[in-house]
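One file, work.cif, is given below (mmCIF, C-alpha atoms).
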data_data
#
loop_
_atom_site.group_PDB
_atom_site.id
_atom_site.type_symbol
_atom_site.label_atom_id
_atom_site.label_comp_id
_atom_site.auth_asym_id
_atom_site.auth_seq_id
_atom_site.Cartn_x
_atom_site.Cartn_y
_atom_site.Cartn_z
ATOM 1 C CA MET A 22 4.975 -1.009 -31.792
ATOM 2 C CA GLU A 23 2.710 2.046 -31.865
ATOM 3 C CA ILE A 24 2.050 2.078 -28.125
ATOM 4 C CA TYR A 25 5.759 1.477 -27.521
ATOM 5 C CA LYS A 26 6.707 4.521 -29.579
ATOM 6 C CA ALA A 27 3.904 6.533 -27.995
ATOM 7 C CA LEU A 28 5.457 5.974 -24.565
ATOM 8 C CA LEU A 29 8.785 7.434 -25.659
ATOM 9 C CA GLU A 30 7.066 10.374 -27.326
ATOM 10 C CA GLY A 31 4.972 10.909 -24.221
ATOM 11 C CA ASN A 32 8.141 11.017 -22.165
ATOM 12 C CA ARG A 33 9.671 13.682 -24.376
ATOM 13 C CA LYS A 34 6.542 15.815 -24.137
ATOM 14 C CA TRP A 35 6.464 15.384 -20.347
ATOM 15 C CA VAL A 36 10.095 16.459 -20.059
ATOM 16 C CA GLN A 37 9.429 19.498 -22.217
ATOM 17 C CA LYS A 38 6.410 20.476 -20.117
ATOM 18 C CA LYS A 39 8.335 20.095 -16.859
ATOM 19 C CA LEU A 40 11.221 22.189 -18.117
ATOM 20 C CA GLU A 41 8.836 24.910 -19.255
ATOM 21 C CA GLU A 42 7.353 24.970 -15.757
ATOM 22 C CA ASP A 43 10.721 24.804 -14.011
ATOM 23 C CA PRO A 44 14.039 24.814 -15.929
ATOM 24 C CA HIS A 45 15.784 23.289 -12.900
ATOM 25 C CA PHE A 46 13.229 20.529 -12.215
ATOM 26 C CA PHE A 47 15.371 17.541 -13.215
ATOM 27 C CA GLU A 48 18.559 19.083 -11.885
ATOM 28 C CA GLU A 49 16.977 19.362 -8.428
ATOM 29 C CA LEU A 50 15.270 15.961 -8.678
ATOM 30 C CA SER A 51 18.569 14.233 -9.424
ATOM 31 C CA LYS A 52 20.121 15.459 -6.162
ATOM 32 C CA GLY A 53 18.214 12.890 -4.105
ATOM 33 C CA GLN A 54 14.877 12.006 -2.548
ATOM 34 C CA ASN A 55 13.384 12.830 0.810
ATOM 35 C CA PRO A 56 9.879 11.328 0.800
ATOM 36 C CA GLN A 57 7.828 11.526 3.984
ATOM 37 C CA ILE A 58 5.495 8.715 2.935
ATOM 38 C CA LEU A 59 5.733 5.054 1.964
ATOM 39 C CA TRP A 60 2.765 4.000 -0.169
ATOM 40 C CA ILE A 61 1.825 0.323 -0.374
ATOM 41 C CA GLY A 62 -0.753 0.084 -3.110
ATOM 42 C CA CYS A 63 -2.271 -2.202 -5.705
ATOM 43 C CA SER A 64 -0.583 -2.892 -9.052
ATOM 44 C CA ASP A 65 -3.789 -1.862 -10.822
ATOM 45 C CA SER A 66 -2.872 0.607 -13.574
ATOM 46 C CA ARG A 67 -5.786 2.884 -12.633
ATOM 47 C CA VAL A 68 -4.362 3.771 -9.206
ATOM 48 C CA PRO A 69 -1.141 5.792 -9.653
ATOM 49 C CA ALA A 70 -0.067 7.059 -6.228
ATOM 50 C CA ASN A 71 1.370 10.433 -7.257
ATOM 51 C CA GLU A 72 -1.451 11.348 -9.592
ATOM 52 C CA ILE A 73 -4.375 10.578 -7.286
ATOM 53 C CA THR A 74 -2.730 12.394 -4.370
ATOM 54 C CA GLY A 75 -1.563 15.402 -6.366
ATOM 55 C CA THR A 76 2.056 14.908 -5.306
ATOM 56 C CA ARG A 77 5.295 15.455 -7.183
ATOM 57 C CA PRO A 78 8.063 12.962 -8.017
ATOM 58 C CA GLY A 79 10.212 12.474 -4.945
ATOM 59 C CA GLU A 80 7.410 12.978 -2.413
ATOM 60 C CA ILE A 81 6.122 9.380 -2.120
ATOM 61 C CA PHE A 82 8.140 6.154 -1.969
ATOM 62 C CA VAL A 83 6.009 3.444 -3.618
ATOM 63 C CA HIS A 84 5.595 -0.311 -3.438
ATOM 64 C CA ARG A 85 2.825 -2.013 -5.400
ATOM 65 C CA ASN A 86 1.566 -5.576 -5.710
ATOM 66 C CA ILE A 87 -1.687 -7.375 -6.445
ATOM 67 C CA ALA A 88 -4.295 -6.251 -3.878
ATOM 68 C CA ASN A 89 -1.814 -4.177 -1.806
ATOM 69 C CA MET A 90 -0.782 -7.122 0.353
ATOM 70 C CA VAL A 91 1.671 -7.233 3.258
ATOM 71 C CA VAL A 92 3.023 -10.782 3.269
ATOM 72 C CA HIS A 93 5.659 -11.528 5.905
ATOM 73 C CA SER A 94 7.618 -13.811 3.586
ATOM 74 C CA ASP A 95 7.707 -11.261 0.746
ATOM 75 C CA MET A 96 11.341 -10.086 0.658
ATOM 76 C CA ASN A 97 10.494 -7.440 -1.930
ATOM 77 C CA LEU A 98 7.953 -5.796 0.370
ATOM 78 C CA LEU A 99 10.164 -6.164 3.448
ATOM 79 C CA SER A 100 13.165 -4.670 1.634
ATOM 80 C CA VAL A 101 11.143 -1.670 0.522
ATOM 81 C CA LEU A 102 9.701 -1.260 4.010
ATOM 82 C CA ASP A 103 13.109 -1.491 5.671
ATOM 83 C CA TYR A 104 14.663 1.032 3.293
ATOM 84 C CA ALA A 105 11.767 3.464 3.610
ATOM 85 C CA VAL A 106 11.589 3.257 7.406
ATOM 86 C CA ASN A 107 15.262 2.979 8.343
ATOM 87 C CA ILE A 108 17.088 4.837 5.564
ATOM 88 C CA LEU A 109 14.573 7.362 4.262
ATOM 89 C CA LYS A 110 12.982 7.761 7.718
ATOM 90 C CA VAL A 111 9.453 8.156 6.375
ATOM 91 C CA LYS A 112 6.902 9.546 8.810
ATOM 92 C CA HIS A 113 3.863 7.726 7.428
ATOM 93 C CA VAL A 114 3.181 4.347 5.812
ATOM 94 C CA ILE A 115 -0.094 4.135 3.911
ATOM 95 C CA VAL A 116 -1.758 0.963 2.695
ATOM 96 C CA CYS A 117 -4.143 2.036 -0.063
ATOM 97 C CA GLY A 118 -6.581 -0.404 -1.585
ATOM 98 C CA HIS A 119 -9.284 0.397 -4.119
ATOM 99 C CA TYR A 120 -12.875 -0.567 -4.717
ATOM 100 C CA GLY A 121 -13.213 -2.843 -7.725
ATOM 101 C CA CYS A 122 -9.898 -4.596 -6.992
ATOM 102 C CA GLY A 123 -9.537 -7.647 -9.231
ATOM 103 C CA GLY A 124 -7.393 -9.527 -6.726
ATOM 104 C CA VAL A 125 -9.947 -9.108 -3.966
ATOM 105 C CA ARG A 126 -12.765 -10.052 -6.339
ATOM 106 C CA ALA A 127 -10.904 -13.224 -7.354
ATOM 107 C CA ALA A 128 -10.497 -14.159 -3.687
ATOM 108 C CA MET A 129 -14.304 -14.172 -3.330
ATOM 109 C CA LEU A 130 -14.620 -16.827 -6.034
ATOM 110 C CA ASN A 131 -13.559 -20.450 -6.436
ATOM 111 C CA GLU A 132 -12.038 -20.060 -9.865
ATOM 112 C CA GLN A 133 -8.501 -21.033 -10.891
ATOM 113 C CA TYR A 134 -6.320 -18.302 -12.422
ATOM 114 C CA GLY A 135 -2.800 -19.752 -12.482
ATOM 115 C CA LEU A 136 0.291 -18.862 -10.456
ATOM 116 C CA VAL A 137 -1.517 -15.886 -8.920
ATOM 117 C CA ASP A 138 -3.732 -18.343 -7.017
ATOM 118 C CA ASN A 139 -0.902 -18.703 -4.496
ATOM 119 C CA TRP A 140 -1.014 -14.958 -3.842
ATOM 120 C CA ILE A 141 -4.790 -14.790 -3.752
ATOM 121 C CA ARG A 142 -4.780 -17.406 -0.990
ATOM 122 C CA PHE A 143 -3.526 -14.735 1.431
ATOM 123 C CA ILE A 144 -6.542 -12.587 0.543
ATOM 124 C CA LYS A 145 -8.830 -15.573 1.090
ATOM 125 C CA ASP A 146 -7.429 -15.784 4.622
ATOM 126 C CA VAL A 147 -8.775 -12.273 5.206
ATOM 127 C CA TYR A 148 -12.213 -13.417 4.002
ATOM 128 C CA ARG A 149 -12.128 -16.414 6.351
ATOM 129 C CA THR A 150 -11.206 -14.155 9.282
ATOM 130 C CA HIS A 151 -14.195 -11.887 8.613
ATOM 131 C CA GLN A 152 -16.522 -14.467 7.060
ATOM 132 C CA HIS A 153 -19.448 -13.895 9.427
ATOM 133 C CA GLU A 154 -19.491 -10.137 8.835
ATOM 134 C CA LEU A 155 -19.063 -10.459 5.071
ATOM 135 C CA GLU A 156 -21.674 -13.158 4.515
ATOM 136 C CA ALA A 157 -24.181 -11.177 6.560
ATOM 137 C CA ILE A 158 -24.039 -8.577 3.741
ATOM 138 C CA HIS A 159 -26.501 -9.863 1.139
ATOM 139 C CA ASP A 160 -25.812 -7.281 -1.558
ATOM 140 C CA GLU A 161 -22.847 -8.664 -3.510
ATOM 141 C CA GLU A 162 -21.379 -5.280 -4.439
ATOM 142 C CA LEU A 163 -21.576 -4.006 -0.864
ATOM 143 C CA ARG A 164 -19.963 -7.219 0.356
ATOM 144 C CA PHE A 165 -17.193 -6.793 -2.221
ATOM 145 C CA ASN A 166 -16.577 -3.205 -1.107
ATOM 146 C CA ARG A 167 -16.445 -4.218 2.538
ATOM 147 C CA PHE A 168 -14.024 -7.020 1.701
ATOM 148 C CA VAL A 169 -11.741 -4.452 0.044
ATOM 149 C CA GLU A 170 -11.841 -2.361 3.217
ATOM 150 C CA LEU A 171 -11.229 -5.292 5.542
ATOM 151 C CA ASN A 172 -8.315 -6.409 3.404
ATOM 152 C CA VAL A 173 -6.699 -3.000 3.875
ATOM 153 C CA VAL A 174 -7.335 -3.128 7.627
ATOM 154 C CA GLU A 175 -5.637 -6.528 7.865
ATOM 155 C CA GLN A 176 -2.625 -5.359 5.840
ATOM 156 C CA VAL A 177 -2.230 -2.350 8.129
ATOM 157 C CA PHE A 178 -2.323 -4.700 11.086
ATOM 158 C CA ASP A 179 0.216 -7.016 9.439
ATOM 159 C CA LEU A 180 2.587 -4.081 8.979
ATOM 160 C CA THR A 181 2.442 -3.318 12.689
ATOM 161 C CA LYS A 182 3.505 -6.887 13.497
ATOM 162 C CA THR A 183 6.857 -6.473 11.727
ATOM 163 C CA THR A 184 10.031 -5.828 13.698
ATOM 164 C CA ILE A 185 10.824 -3.092 11.151
ATOM 165 C CA ILE A 186 7.852 -1.008 12.250
ATOM 166 C CA GLN A 187 8.025 -1.854 15.938
ATOM 167 C CA ASN A 188 11.763 -1.110 16.191
ATOM 168 C CA ALA A 189 11.188 2.254 14.506
ATOM 169 C CA TRP A 190 8.394 3.046 16.947
ATOM 170 C CA ARG A 191 10.677 2.305 19.850
ATOM 171 C CA GLU A 192 13.611 4.265 18.442
ATOM 172 C CA ARG A 193 11.928 7.360 16.987
ATOM 173 C CA ASN A 194 8.161 7.125 17.586
ATOM 174 C CA ALA A 195 7.482 6.894 13.858
ATOM 175 C CA PRO A 196 6.127 6.075 11.331
ATOM 176 C CA VAL A 197 2.347 6.104 11.717
ATOM 177 C CA VAL A 198 0.649 3.367 9.679
ATOM 178 C CA HIS A 199 -2.676 4.174 7.965
ATOM 179 C CA GLY A 200 -5.313 2.432 5.833
ATOM 180 C CA TRP A 201 -7.056 4.082 2.872
ATOM 181 C CA VAL A 202 -9.347 2.986 0.041
ATOM 182 C CA TYR A 203 -9.570 4.739 -3.321
ATOM 183 C CA SER A 204 -12.774 4.864 -5.365
ATOM 184 C CA LEU A 205 -12.365 4.392 -9.110
ATOM 185 C CA LYS A 206 -15.866 5.764 -9.626
ATOM 186 C CA THR A 207 -15.371 9.085 -7.814
ATOM 187 C CA GLY A 208 -11.615 9.515 -7.538
ATOM 188 C CA ILE A 209 -11.977 10.128 -3.796
ATOM 189 C CA ILE A 210 -9.783 8.461 -1.168
ATOM 190 C CA LYS A 211 -11.546 7.174 1.949
ATOM 191 C CA ASP A 212 -9.619 7.200 5.221
ATOM 192 C CA LEU A 213 -10.638 4.030 7.063
ATOM 193 C CA ASN A 214 -9.542 5.606 10.354
ATOM 194 C CA VAL A 215 -7.352 2.637 11.151
ATOM 195 C CA SER A 216 -3.996 4.086 12.195
ATOM 196 C CA PHE A 217 -1.267 2.796 14.487
ATOM 197 C CA GLY A 218 1.678 4.703 15.917
ATOM 198 C CA SER A 219 2.774 2.569 18.858
ATOM 199 C CA SER A 220 3.134 -1.083 19.769
ATOM 200 C CA GLN A 221 1.056 -0.339 22.865
ATOM 201 C CA GLU A 222 -1.963 -0.177 20.554
ATOM 202 C CA LEU A 223 -1.459 -3.831 19.567
ATOM 203 C CA PRO A 224 -2.578 -7.020 21.277
ATOM 204 C CA THR A 225 0.159 -8.120 23.687
ATOM 205 C CA ILE A 226 0.989 -11.254 21.690
ATOM 206 C CA TYR A 227 2.247 -9.155 18.770
ATOM 207 C CA ARG A 228 4.433 -6.739 20.727
ATOM 208 C CA ILE A 229 8.169 -7.189 20.243
ATOM 209 C CA ASN A 230 10.763 -5.827 22.649
ATOM 210 C CA GLY A 231 14.311 -4.732 21.849
ATOM 211 C CA ASN A 232 15.674 -8.273 22.163
ATOM 212 C CA GLY A 233 13.418 -9.588 19.446
ATOM 213 C CA VAL A 234 11.105 -11.473 21.804
ATOM 214 C CA PRO A 235 7.491 -10.699 22.760
ATOM 215 C CA ALA A 236 7.227 -7.674 25.080
#

Now, as a test, write the supplied structure out as structure tokens.
Amino acid sequence: MEIYKALLEGNRKWVQKKLEEDPHFFEELSKGQNPQILWIGCSDSRVPANEITGTRPGEIFVHRNIANMVVHSDMNLLSVLDYAVNILKVKHVIVCGHYGCGGVRAAMLNEQYGLVDNWIRFIKDVYRTHQHELEAIHDEELRFNRFVELNVVEQVFDLTKTTIIQNAWRERNAPVVHGWVYSLKTGIIKDLNVSFGSSQELPTIYRINGNGVPA
């Protein structure tokens, strides 16, 4: 129970600190949110979106899951994406992975972990897609790091395939989708320079027109 009580005490101290900095902080925060960014990150407790980007509550809309995956059958992810893009009108969607990701590491192995194996299978598909590149890297740690990066790249690409993103591009030329990787060892975010802002940047097979059929 000690950690449980510590959380409540930590909350009280945080509230006190915020009110000392700005007596109207919570009053203003309660009026609504207007984030410009949707963050799709890993559930890892060491990668809190607001803290590592130096942003305040209300500035980033966040979705997290194991290994920052974009799975087209995941109604949780799709609901968050739809709300962020079509209601909040975010200008950027960022997929942020991190080096040392346990989900990505597990996908490199042939071990059994339980129910999560069904989720990890999607990450294994990324490995299969890039198997030649990855297995040409003989250093295991470097291969692991590259796998993390390639996983982010594939999730960015999967976002662009959704009708949610493509309809928004057609209607308002936004949002731009980006891929980042965070380093636990340095605290620095690496921009993978994989960004999409138009369906014209995609292979033709993935382009969707306004009638819901390939463009």

At most 8 Å is the cut-off: for each residue in segment 65-104 of chain A with any atom that close to an atom of segment 201-220 of chain A, write down the nearest atom pair and the distance in Å rounded to one decimal, counting all atoms listed in the file, chain first then increasing number, as JSON lines.
{"residue": "A:Arg67", "atom": "CA", "partner": "A:Leu205", "partner_atom": "CA", "distance": 7.6}
{"residue": "A:Val68", "atom": "CA", "partner": "A:Tyr203", "partner_atom": "CA", "distance": 7.9}
{"residue": "A:Ile73", "atom": "CA", "partner": "A:Gly208", "partner_atom": "CA", "distance": 7.3}

The selected residues should be written to file as a tab-separated table (two decimals), keeping the file's coordinate frame (atoms: C-alpha atoms).
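Written out: result_18.tsv:
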chain	number	residue	atom	x	y	z
A	67	ARG	CA	-5.79	2.88	-12.63
A	68	VAL	CA	-4.36	3.77	-9.21
A	73	ILE	CA	-4.38	10.58	-7.29

> Just so the selection is clear, what residues does the PyMOL selection byres ((chain A and resi 105) around 12) cover here, as JSON, numbers by chain?
Replying inline: {"A": [54, 55, 56, 57, 58, 59, 60, 61, 81, 82, 83, 84, 98, 99, 100, 101, 102, 103, 104, 106, 107, 108, 109, 110, 111, 112, 113, 114, 115, 185, 186, 189, 195, 196]}

Serialized selection, C-alpha atoms, as a PDB file, in the frame of the given file:
ATOM      1  CA  GLN A  54      14.877  12.006  -2.548  1.00  0.00           C
ATOM      2  CA  ASN A  55      13.384  12.830   0.810  1.00  0.00           C
ATOM      3  CA  PRO A  56       9.879  11.328   0.800  1.00  0.00           C
ATOM      4  CA  GLN A  57       7.828  11.526   3.984  1.00  0.00           C
ATOM      5  CA  ILE A  58       5.495   8.715   2.935  1.00  0.00           C
ATOM      6  CA  LEU A  59       5.733   5.054   1.964  1.00  0.00           C
ATOM      7  CA  TRP A  60       2.765   4.000  -0.169  1.00  0.00           C
ATOM      8  CA  ILE A  61       1.825   0.323  -0.374  1.00  0.00           C
ATOM      9  CA  ILE A  81       6.122   9.380  -2.120  1.00  0.00           C
ATOM     10  CA  PHE A  82       8.140   6.154  -1.969  1.00  0.00           C
ATOM     11  CA  VAL A  83       6.009   3.444  -3.618  1.00  0.00           C
ATOM     12  CA  HIS A  84       5.595  -0.311  -3.438  1.00  0.00           C
ATOM     13  CA  LEU A  98       7.953  -5.796   0.370  1.00  0.00           C
ATOM     14  CA  LEU A  99      10.164  -6.164   3.448  1.00  0.00           C
ATOM     15  CA  SER A 100      13.165  -4.670   1.634  1.00  0.00           C
ATOM     16  CA  VAL A 101      11.143  -1.670   0.522  1.00  0.00           C
ATOM     17  CA  LEU A 102       9.701  -1.260   4.010  1.00  0.00           C
ATOM     18  CA  ASP A 103      13.109  -1.491   5.671  1.00  0.00           C
ATOM     19  CA  TYR A 104      14.663   1.032   3.293  1.00  0.00           C
ATOM     20  CA  VAL A 106      11.589   3.257   7.406  1.00  0.00           C
ATOM     21  CA  ASN A 107      15.262   2.979   8.343  1.00  0.00           C
ATOM     22  CA  ILE A 108      17.088   4.837   5.564  1.00  0.00           C
ATOM     23  CA  LEU A 109      14.573   7.362   4.262  1.00  0.00           C
ATOM     24  CA  LYS A 110      12.982   7.761   7.718  1.00  0.00           C
ATOM     25  CA  VAL A 111       9.453   8.156   6.375  1.00  0.00           C
ATOM     26  CA  LYS A 112       6.902   9.546   8.810  1.00  0.00           C
ATOM     27  CA  HIS A 113       3.863   7.726   7.428  1.00  0.00           C
ATOM     28  CA  VAL A 114       3.181   4.347   5.812  1.00  0.00           C
ATOM     29  CA  ILE A 115      -0.094   4.135   3.911  1.00  0.00           C
ATOM     30  CA  ILE A 185      10.824  -3.092  11.151  1.00  0.00           C
ATOM     31  CA  ILE A 186       7.852  -1.008  12.250  1.00  0.00           C
ATOM     32  CA  ALA A 189      11.188   2.254  14.506  1.00  0.00           C
ATOM     33  CA  ALA A 195       7.482   6.894  13.858  1.00  0.00           C
ATOM     34  CA  PRO A 196       6.127   6.075  11.331  1.00  0.00           C
TER      35      PRO A 196
END

>> Env of segment 146-159 of chain A: 8 Å cut, atoms = all atoms listed in the file, seq-sep filter 6 positions within chain, self excluded. Answer as a list in words.
In response: Ala128, Met129, Arg167, Phe168, Leu171, Asn172 and Glu175 of chain A

>> Once the PyMOL selection byres ((chain A and resi 187) around 12) is applied to the coordinates I shared, what remains selected? I want it as a ChimeraX atom specification.
In response: /A:103,106-107,178-186,188-198,217-223,227-236

> When distances are computed from all atoms listed in the file, which of A:Ile226, A:Val173, A:Leu29, A:Met22 shows the smallest separation from Ala88 of chain A?
Replying inline: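 Checking each of A:Ile226, A:Val173, A:Leu29, A:Met22 against Ala88 of chain A, counting all atoms listed in the file, the winner is A:Val173.
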
Taking all atoms of segment 186-204 of chain A that the file lists, what box with edges along x, y and z, padded by 3 Å per side, do you get, with centre and edge lengths in Å to one decimal, as lines of an AutoDock Vina configuration file?
center_x = 0.4
center_y = 2.8
center_z = 7.2
size_x = 32.4
size_y = 15.2
size_z = 31.2

> For His119 of chain A, which residue out of A:Val169, A:Leu50, A:Leu28, A:Ile144 is the nearest one, using only C-alpha atoms?
Replying inline: A:Val169

> How many Å separate atom CA of Asp138 of chain A from atom CA of Val92 of chain A?
Replying inline: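 So the answer is 14.4 Å.
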
> At what distance in Å, to one decimal, does atom CA of Glu72 of chain A lie from atom CA of Pro44 of chain A?
Replying inline: 21.5 Å

>> Just the number, please: distance in Å from atom CA of Val116 of chain A to atom CA of Met96 of chain A, one decimal.
In response: 17.3 Å

> Which is closest to His199 of chain A among A:Gly79, A:Gly62, A:Phe143, A:Glu162, if we use all atoms listed in the file?
Replying inline: A:Gly62

>> Measuring between only C-alpha atoms, which one of A:Asn32, A:Asn86, A:Thr225, A:Thr76 shows the shortest distance to Cys122 of chain A?
In response: A:Asn86
